[in-house]
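A.B. asks: Could you have a look at this structure, given as structure tokens, before my questions?
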Amino acid sequence: MSARGKISGKPPNPFASGRSLNHWSNRLFTLVVWVIGICTVLFICGLLFLILQKGLPKLEWSFLFGLPSEIEEGGGIGPTLFNSVYVLVISLVISIPLGMAAGIYLAEFAPDNKFIAFVRICVEGLASVPSIIFGLFGIAIFVEAFQIGLTILGGAVSLAFLNLPVLTRVTEEAIRAVPPEMKNASFALGGTHLQTIRRVLIPVALNSIITGICLVAGRAFGESAVIILTAGVTTSGEMWDFSLFSPGETLAVHLWYVQSEAIVPDATDIAEKAAAVLVFAVLLINVIFRVPLWLNSRKTRT
Amino acid sequence: MGTLIDIGKLHLYYGAFHALKNVSMDIPEKAITAFIGPSGCGKSTLLRTLNRMNDMIPGTRIEGRIAVGGTDIYSKEVDVETLRKKVGMVFQQPNPFPKSIYDNVAYGPRLHGIRSKGQLDEIVETSLRSAVLWDEVKDHLKRSALSLSGGQQQRLCIARALAVNPDILLMDEATSALDPISTLKIEELAQELKDRYTIVMVTHNMHQAARVSNQTVFFLNGEVVEYSDTEKLFSNPRDQRTEDYISGRFG
């Protein structure tokens with residue numbers, strides 16, 4: 001540190017800032033991080049605003065729950081919105097239990113050997129496979145092997161396959177991140193492995209697991225490639241059609257369809273409104289999954 | 001003072017490492033026994049064999065005998081969960097669950113099938129009173145256990161261990177992460193509890209062993225060097241190595 005005392009006899013300040021290279025690079029780095037952070041947030045907010053502002057003001061109930069139209073103006077998105085939610089729920093009902101079970105197995109029970117290491121690499125690889133591959137897989141099973149055509153069931157199961165690796169990874173990581181001291185505390189009180197998993201590991205890991213489920217649900221809700229290949233680009237044309245074997249065009253697919261294939265005059269209008277609904281629905285899914293967590297953390301704090 | 005834990009010719013291996021060598025001792029009932037010795041001497045390992053927490057470390061092998069109240073705890077008929085219910089443990093770092101104070105204490109009883117609210121309330125209160133924590137927390141049992149101070153958390157962990165009604169309480173360096181005042185409180189608590197429980201504690205702190213315990217065992221390199229009444233061990237050690245250790249010449 002350079003002493004910068006004046007000649008006037010005042011003792012030099014021993015803690016004067018050195019203004020060294022470290023000092024400046026630290027400042028510069030902080031500035032860069034702030035700027036990038038603000039830009040990213042602004043960009044995301046802008047994007048959200050753009051999509052919602054184009055679509056939301058024009059939304060009506062008749063659009064949300066109305067039947068789509070092939071030729072005339074004014075078609076709705078009712079069946080496709082319903083299919084989106086229906087397919088999502090079925091795929092989550094399949095993938096959450098399986099993914100969590102596989103993740104818990106890998107974290108808690110799997111032996112530490114080469115085969116399991118290989119399985120882990122496979123799961124990680126599957127998590128980054130393009131979704132269209134899962135669509136082709138769905139065709140091979142449901143359309144070719146089972147000959148049931150393009151159905152909601154096929155779409156939902158294929159989506160579940162798409163999400164399974166991610167859920168497995170997320171659960172495994174979340175369970176592993178629970179401090180071993182907590183596990184030991186439960187064992188030392190005479191807890192069995194199952195009790196420890198159910199009452200300590202899962203509750204402590206739940207926050208991370210739910211974050212993973214939100215990611216996966218958002219992705220599944222917006223997924224189009226898998227659905228086009230396995231559930232098709234048409235609906236049964238009826239509202240509230242719970243049949244698993246109906247064709248299952250979802251909102252995301254419909255958005256692509258009206259933008260690129262449809263001949264209705266108000267296609268752009270429909271696309272804008274559908275996009276806004278899609279984004280809004282994904283935000284809603286996140287909120288819905290987080291409310292129980294939020295309530296729970298409030299309960300233990302007071 | 002009868003013998004409660006009887007250890008005979010015990011050898012323990014972690015893979016190829018011979019961690020405990022021919023350990024034999026009788027641990028008396030309703031008294032405090034302290035294990036002292038330098039790091040890595042096997043004292044914590046021996047403690048963890050008493051509630052079979054070592055079972056979870058892969059590659060652990062045991063020869064010899066450990067009997068609690070006359071029953072060999074490593075025999076096939078012994079149910080590990082029941083054993084751990086009878087042999088409670090408090091760890092080095094306070095490790096409450098991220099749940100409420102109430103749910104922490106009620107965790108053990110709930111594991112073992114107690115559901116009734118009235119019964120749980122009673123167990124929670126008795127256990128917290130035994131751990132001298134009741135007066136500090138009785139008005140906010142619903143608050144998160146993580147909001148307590150380190151010393152309070154450790155007393156909560158003791159209350160949690162007492163809630164399943166054990167006979168033996170193992171304390172694995174239970175005060176080493178705490179400040180002196182909290183340490184003193186835990187030591188006083190141990191003194192109170194020894195009328196009802198058999199306490200075995202591992203400590204790095206020789207003064208703590210001298211202050212609190214009735215019996216002291218000195219370990220070195222996996223062997224028991226000396227085992228006797230605390231007063232005798234500290235005032236008149238039989239072995240030269242014990243004398244070197246307690247006078248601070250090594251360790």
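Here, A, B, ... name the chains of the structure tokens in the order displayed, residue numbers run from 1 inside each chain, and ligands are numbered from 1 in the same displayed order.
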Enumerate as a list in words the residues belonging to chain A that approach chain B to within 10 Å, with only C-alpha atoms taken into account.

C.D. replies: Pro179, Pro180, Glu181, Met182, Lys183, Asn184, Ala185, Ser186, Phe187, Ala188, Leu189, Gly190, Gly191, Thr192, His193, Gln195, Thr196, Arg199, Val200, Pro203, Val204, Ser297, Arg298, Lys299, Thr300, Arg301 and Thr302 of chain A

A.B. asks: From the options A:Ile213, A:Ile152, A:Val291, A:Ala276, which residue's atoms come nearest to Gly138 of chain A, counting only C-alpha atoms?

C.D. replies: A:Ile152

A.B. asks: What's around Arg129 of chain B at 12 Å? Count only C-alpha atoms, leave out sequence neighbours fewer than 2 positions away in its own chain, and write the answer as a PDB file with C-alpha atoms, in the first residue's frame.

C.D. replies:
```pdb
ATOM      1  CA  VAL B 105     -39.069 -34.068  19.530  1.00  0.00           C
ATOM      2  CA  GLU B 122     -46.876 -35.156  27.058  1.00  0.00           C
ATOM      3  CA  ILE B 123     -43.741 -36.793  25.621  1.00  0.00           C
ATOM      4  CA  VAL B 124     -42.631 -33.517  24.031  1.00  0.00           C
ATOM      5  CA  GLU B 125     -43.028 -31.626  27.289  1.00  0.00           C
ATOM      6  CA  THR B 126     -41.300 -34.264  29.446  1.00  0.00           C
ATOM      7  CA  SER B 127     -38.411 -34.624  27.008  1.00  0.00           C
ATOM      8  CA  ALA B 131     -33.202 -31.504  28.405  1.00  0.00           C
ATOM      9  CA  VAL B 132     -33.702 -28.228  30.355  1.00  0.00           C
ATOM     10  CA  LEU B 133     -35.048 -26.510  27.268  1.00  0.00           C
ATOM     11  CA  TRP B 134     -38.753 -26.364  28.072  1.00  0.00           C
ATOM     12  CA  ASP B 135     -38.782 -22.920  29.692  1.00  0.00           C
ATOM     13  CA  GLU B 136     -36.986 -21.387  26.727  1.00  0.00           C
ATOM     14  CA  VAL B 137     -39.213 -22.828  24.010  1.00  0.00           C
ATOM     15  CA  LYS B 138     -42.587 -23.643  25.566  1.00  0.00           C
ATOM     16  CA  ARG B 155     -30.289 -29.604  23.847  1.00  0.00           C
ATOM     17  CA  LEU B 156     -33.183 -30.091  21.429  1.00  0.00           C
ATOM     18  CA  ILE B 158     -30.867 -34.450  23.410  1.00  0.00           C
ATOM     19  CA  ALA B 159     -34.603 -33.994  24.038  1.00  0.00           C
ATOM     20  CA  ARG B 160     -35.295 -35.698  20.699  1.00  0.00           C
ATOM     21  CA  LEU B 162     -34.783 -38.873  25.149  1.00  0.00           C
ATOM     22  CA  ALA B 163     -38.258 -38.841  23.595  1.00  0.00           C
ATOM     23  CA  LEU B 189     -27.511 -31.645  31.870  1.00  0.00           C
ATOM     24  CA  GLU B 192     -28.637 -34.604  35.870  1.00  0.00           C
ATOM     25  CA  LEU B 193     -29.406 -37.275  33.312  1.00  0.00           C
TER      26      LEU B 193
END
```

A.B. asks: List every residue of segment 17-249 of chain B that DSSP, applied to the backbone of this structure, assigns to strand (DSSP E), and report them as a ChimeraX atom specification.

C.D. replies: /B:17-28,32-36,60-68,71-72,87-90,168-172,198-202,215-220,223-229

A.B. asks: Which is closest to Leu50 of chain A among A:Val279, A:Val129, A:Met239, A:Ile210, if we use only C-alpha atoms?

C.D. replies: A:Val279

A.B. asks: Using only C-alpha atoms, which residue out of B:Pro58, B:Gly37, B:Gly70, B:Gly222 lies closest to Leu10 of chain B?

C.D. replies: B:Gly222

A.B. asks: Quick one: of B:Ile7, B:Thr175, B:Ile36, B:Ile181, who's nearest to Leu233 of chain B, counting only C-alpha atoms?

C.D. replies: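 Of all the options, B:Ile36 lies closest to Leu233 of chain B.
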
A.B. asks: When you count only C-alpha atoms, which of these residues is closest to Phe219 of chain B: B:Ile5, B:Leu148, B:Val202, B:Ile32?

C.D. replies: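 Closest candidate: B:Val202.
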
A.B. asks: As a compact mmCIF listing (two decimals) with N, CA and C atoms, in the first residue's frame, please: all residues of segment 75-244 of chain B that backbone DSSP puts in helix (DSSP H, G or I).

C.D. replies:
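Below is the file result.txt, written as the result:
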```txt
# COMPACT_ATOMS: atom_id res chain seq x y z
N VAL B 80 -32.14 -53.97 14.60
CA VAL B 80 -31.32 -52.75 14.74
C VAL B 80 -32.15 -51.55 15.18
N GLU B 81 -33.37 -51.44 14.63
CA GLU B 81 -34.20 -50.27 14.95
C GLU B 81 -34.58 -50.27 16.44
N THR B 82 -34.90 -51.46 16.96
CA THR B 82 -35.25 -51.54 18.38
C THR B 82 -34.03 -51.23 19.24
N LEU B 83 -32.88 -51.71 18.80
CA LEU B 83 -31.64 -51.42 19.54
C LEU B 83 -31.41 -49.92 19.61
N ARG B 84 -31.57 -49.24 18.45
CA ARG B 84 -31.28 -47.80 18.41
C ARG B 84 -32.30 -47.00 19.21
N LYS B 85 -33.47 -47.58 19.38
CA LYS B 85 -34.47 -46.92 20.21
C LYS B 85 -34.00 -46.94 21.67
N LYS B 86 -33.33 -48.01 22.04
CA LYS B 86 -32.87 -48.16 23.42
C LYS B 86 -31.52 -47.48 23.65
N ILE B 101 -39.97 -27.22 16.41
CA ILE B 101 -39.39 -27.78 17.63
C ILE B 101 -40.20 -28.99 18.08
N TYR B 102 -41.52 -28.82 18.05
CA TYR B 102 -42.42 -29.90 18.45
C TYR B 102 -42.20 -31.14 17.60
N ASP B 103 -42.19 -30.94 16.27
CA ASP B 103 -42.07 -32.08 15.37
C ASP B 103 -40.71 -32.77 15.49
N ASN B 104 -39.68 -32.02 15.86
CA ASN B 104 -38.38 -32.64 16.08
C ASN B 104 -38.44 -33.63 17.24
N VAL B 105 -39.02 -33.19 18.35
CA VAL B 105 -39.07 -34.07 19.53
C VAL B 105 -40.04 -35.22 19.27
N ALA B 106 -41.13 -34.93 18.56
CA ALA B 106 -42.15 -35.96 18.33
C ALA B 106 -41.73 -36.94 17.23
N TYR B 107 -40.64 -36.63 16.53
CA TYR B 107 -40.23 -37.47 15.40
C TYR B 107 -40.05 -38.93 15.80
N GLY B 108 -39.26 -39.16 16.86
CA GLY B 108 -38.97 -40.52 17.30
C GLY B 108 -40.21 -41.29 17.71
N PRO B 109 -40.99 -40.71 18.66
CA PRO B 109 -42.23 -41.41 19.07
C PRO B 109 -43.14 -41.71 17.87
N ARG B 110 -43.22 -40.78 16.92
CA ARG B 110 -44.08 -41.03 15.75
C ARG B 110 -43.54 -42.20 14.94
N LEU B 111 -42.21 -42.28 14.80
CA LEU B 111 -41.61 -43.41 14.07
C LEU B 111 -42.06 -44.72 14.67
N LYS B 117 -52.45 -37.27 19.95
CA LYS B 117 -51.96 -35.91 20.19
C LYS B 117 -51.62 -35.70 21.67
N GLY B 118 -52.51 -36.18 22.54
CA GLY B 118 -52.30 -36.00 23.97
C GLY B 118 -51.01 -36.65 24.43
N GLN B 119 -50.81 -37.87 23.95
CA GLN B 119 -49.62 -38.62 24.35
C GLN B 119 -48.35 -37.93 23.83
N LEU B 120 -48.42 -37.47 22.57
CA LEU B 120 -47.26 -36.79 21.99
C LEU B 120 -46.96 -35.50 22.75
N ASP B 121 -48.02 -34.72 23.06
CA ASP B 121 -47.82 -33.48 23.81
C ASP B 121 -47.07 -33.76 25.10
N GLU B 122 -47.47 -34.84 25.77
CA GLU B 122 -46.88 -35.16 27.06
C GLU B 122 -45.40 -35.53 26.88
N ILE B 123 -45.13 -36.38 25.86
CA ILE B 123 -43.74 -36.79 25.62
C ILE B 123 -42.87 -35.58 25.29
N VAL B 124 -43.41 -34.69 24.44
CA VAL B 124 -42.63 -33.52 24.03
C VAL B 124 -42.29 -32.68 25.25
N GLU B 125 -43.30 -32.47 26.11
CA GLU B 125 -43.03 -31.63 27.29
C GLU B 125 -42.01 -32.29 28.23
N THR B 126 -42.22 -33.58 28.53
CA THR B 126 -41.30 -34.26 29.45
C THR B 126 -39.88 -34.26 28.90
N SER B 127 -39.75 -34.54 27.59
CA SER B 127 -38.41 -34.62 27.01
C SER B 127 -37.73 -33.26 27.03
N LEU B 128 -38.49 -32.21 26.69
CA LEU B 128 -37.89 -30.87 26.68
C LEU B 128 -37.53 -30.44 28.10
N ARG B 129 -38.36 -30.85 29.08
CA ARG B 129 -38.02 -30.54 30.48
C ARG B 129 -36.75 -31.27 30.89
N SER B 130 -36.65 -32.55 30.51
CA SER B 130 -35.46 -33.33 30.86
C SER B 130 -34.21 -32.69 30.26
N TRP B 134 -37.31 -26.67 28.07
CA TRP B 134 -38.75 -26.36 28.07
C TRP B 134 -39.07 -24.89 28.30
N ASP B 135 -38.44 -24.30 29.35
CA ASP B 135 -38.78 -22.92 29.69
C ASP B 135 -38.43 -21.95 28.57
N GLU B 136 -37.41 -22.29 27.80
CA GLU B 136 -36.99 -21.39 26.73
C GLU B 136 -37.87 -21.49 25.49
N VAL B 137 -38.50 -22.64 25.28
CA VAL B 137 -39.21 -22.83 24.01
C VAL B 137 -40.71 -23.09 24.15
N LYS B 138 -41.21 -23.18 25.40
CA LYS B 138 -42.59 -23.64 25.57
C LYS B 138 -43.61 -22.75 24.86
N ASP B 139 -43.28 -21.48 24.65
CA ASP B 139 -44.25 -20.58 24.02
C ASP B 139 -44.19 -20.58 22.51
N HIS B 140 -43.17 -21.19 21.95
CA HIS B 140 -43.13 -21.25 20.48
C HIS B 140 -42.66 -22.61 19.98
N ALA B 145 -37.00 -25.38 14.31
CA ALA B 145 -35.88 -25.71 15.20
C ALA B 145 -34.61 -25.00 14.77
N LEU B 146 -34.54 -24.63 13.50
CA LEU B 146 -33.33 -23.98 13.00
C LEU B 146 -33.22 -22.54 13.50
N SER B 147 -34.30 -22.01 14.10
CA SER B 147 -34.23 -20.65 14.63
C SER B 147 -33.56 -20.62 16.00
N GLY B 150 -27.12 -22.53 18.60
CA GLY B 150 -26.42 -23.82 18.54
C GLY B 150 -26.59 -24.64 19.80
N GLY B 151 -26.42 -23.99 20.95
CA GLY B 151 -26.54 -24.71 22.22
C GLY B 151 -27.95 -25.22 22.45
N GLN B 152 -28.93 -24.36 22.09
CA GLN B 152 -30.33 -24.80 22.23
C GLN B 152 -30.63 -25.96 21.27
N GLN B 153 -30.09 -25.87 20.06
CA GLN B 153 -30.29 -26.95 19.09
C GLN B 153 -29.75 -28.26 19.64
N GLN B 154 -28.58 -28.19 20.28
CA GLN B 154 -28.00 -29.43 20.80
C GLN B 154 -28.85 -29.98 21.93
N ARG B 155 -29.40 -29.11 22.79
CA ARG B 155 -30.29 -29.60 23.85
C ARG B 155 -31.57 -30.15 23.25
N LEU B 156 -32.01 -29.55 22.13
CA LEU B 156 -33.18 -30.09 21.43
C LEU B 156 -32.88 -31.50 20.92
N CYS B 157 -31.67 -31.69 20.41
CA CYS B 157 -31.29 -33.02 19.92
C CYS B 157 -31.25 -34.03 21.06
N ILE B 158 -30.84 -33.56 22.25
CA ILE B 158 -30.87 -34.45 23.41
C ILE B 158 -32.31 -34.79 23.76
N ALA B 159 -33.18 -33.76 23.75
CA ALA B 159 -34.60 -33.99 24.04
C ALA B 159 -35.18 -34.99 23.03
N ARG B 160 -34.80 -34.82 21.76
CA ARG B 160 -35.29 -35.70 20.70
C ARG B 160 -34.86 -37.14 20.96
N ALA B 161 -33.59 -37.29 21.42
CA ALA B 161 -33.11 -38.64 21.72
C ALA B 161 -33.83 -39.22 22.93
N LEU B 162 -34.12 -38.37 23.93
CA LEU B 162 -34.78 -38.87 25.15
C LEU B 162 -36.24 -39.25 24.88
N PRO B 180 -18.45 -21.96 25.27
CA PRO B 180 -18.23 -22.46 26.63
C PRO B 180 -19.49 -22.47 27.50
N ILE B 181 -20.35 -21.46 27.34
CA ILE B 181 -21.54 -21.42 28.21
C ILE B 181 -22.51 -22.54 27.83
N SER B 182 -22.71 -22.73 26.54
CA SER B 182 -23.58 -23.83 26.10
C SER B 182 -22.98 -25.17 26.50
N THR B 183 -21.64 -25.26 26.42
CA THR B 183 -20.96 -26.50 26.81
C THR B 183 -21.24 -26.81 28.28
N LEU B 184 -21.13 -25.78 29.11
CA LEU B 184 -21.37 -25.96 30.53
C LEU B 184 -22.80 -26.46 30.77
N LYS B 185 -23.75 -25.89 30.04
CA LYS B 185 -25.15 -26.30 30.22
C LYS B 185 -25.34 -27.77 29.87
N ILE B 186 -24.69 -28.20 28.77
CA ILE B 186 -24.81 -29.60 28.37
C ILE B 186 -24.15 -30.50 29.42
N GLU B 187 -23.03 -30.04 29.97
CA GLU B 187 -22.35 -30.85 30.99
C GLU B 187 -23.23 -30.98 32.23
N GLU B 188 -23.85 -29.87 32.63
CA GLU B 188 -24.76 -29.94 33.80
C GLU B 188 -25.92 -30.87 33.52
N LEU B 189 -26.40 -30.79 32.28
CA LEU B 189 -27.51 -31.64 31.87
C LEU B 189 -27.11 -33.11 31.97
N ALA B 190 -25.90 -33.42 31.49
CA ALA B 190 -25.42 -34.80 31.56
C ALA B 190 -25.39 -35.28 33.01
N GLN B 191 -24.93 -34.40 33.91
CA GLN B 191 -24.90 -34.76 35.32
C GLN B 191 -26.29 -35.11 35.85
N GLU B 192 -27.27 -34.33 35.41
CA GLU B 192 -28.64 -34.60 35.87
C GLU B 192 -29.17 -35.90 35.29
N LEU B 193 -28.83 -36.13 34.01
CA LEU B 193 -29.41 -37.28 33.31
C LEU B 193 -28.82 -38.61 33.78
N MET B 206 -10.07 -33.09 27.61
CA MET B 206 -9.76 -33.88 28.81
C MET B 206 -10.37 -33.29 30.06
N HIS B 207 -10.42 -31.97 30.10
CA HIS B 207 -11.00 -31.32 31.28
C HIS B 207 -12.46 -31.68 31.43
N GLN B 208 -13.14 -31.78 30.25
CA GLN B 208 -14.55 -32.18 30.31
C GLN B 208 -14.68 -33.57 30.90
N ALA B 209 -13.85 -34.49 30.44
CA ALA B 209 -13.89 -35.85 30.98
C ALA B 209 -13.66 -35.81 32.48
N ALA B 210 -12.67 -35.03 32.90
CA ALA B 210 -12.34 -34.96 34.32
C ALA B 210 -13.48 -34.36 35.13
N ARG B 211 -14.15 -33.33 34.55
CA ARG B 211 -15.24 -32.65 35.26
C ARG B 211 -16.48 -33.51 35.39
N VAL B 212 -16.82 -34.22 34.30
CA VAL B 212 -18.16 -34.78 34.20
C VAL B 212 -18.23 -36.28 34.51
N THR B 230 -12.45 -42.07 36.93
CA THR B 230 -11.92 -40.83 36.37
C THR B 230 -10.87 -40.19 37.29
N GLU B 231 -11.22 -40.15 38.56
CA GLU B 231 -10.33 -39.51 39.51
C GLU B 231 -8.96 -40.17 39.51
N LYS B 232 -9.01 -41.50 39.51
CA LYS B 232 -7.77 -42.26 39.57
C LYS B 232 -6.95 -42.07 38.29
N LEU B 233 -7.66 -42.09 37.13
CA LEU B 233 -6.95 -41.98 35.87
C LEU B 233 -6.23 -40.65 35.75
N PHE B 234 -6.89 -39.61 36.22
CA PHE B 234 -6.26 -38.29 36.05
C PHE B 234 -5.24 -37.98 37.14
N SER B 235 -5.44 -38.52 38.36
CA SER B 235 -4.50 -38.17 39.43
C SER B 235 -3.33 -39.15 39.48
N GLN B 240 2.41 -44.93 31.33
CA GLN B 240 3.21 -43.74 30.99
C GLN B 240 2.53 -42.93 29.88
N ARG B 241 1.93 -43.64 28.88
CA ARG B 241 1.32 -42.95 27.74
C ARG B 241 0.12 -42.13 28.19
N THR B 242 -0.65 -42.66 29.15
CA THR B 242 -1.77 -41.91 29.69
C THR B 242 -1.28 -40.63 30.34
N GLU B 243 -0.23 -40.78 31.11
CA GLU B 243 0.31 -39.61 31.81
C GLU B 243 0.78 -38.57 30.80
N ASP B 244 1.46 -39.04 29.74
CA ASP B 244 1.94 -38.10 28.71
C ASP B 244 0.77 -37.38 28.07
```
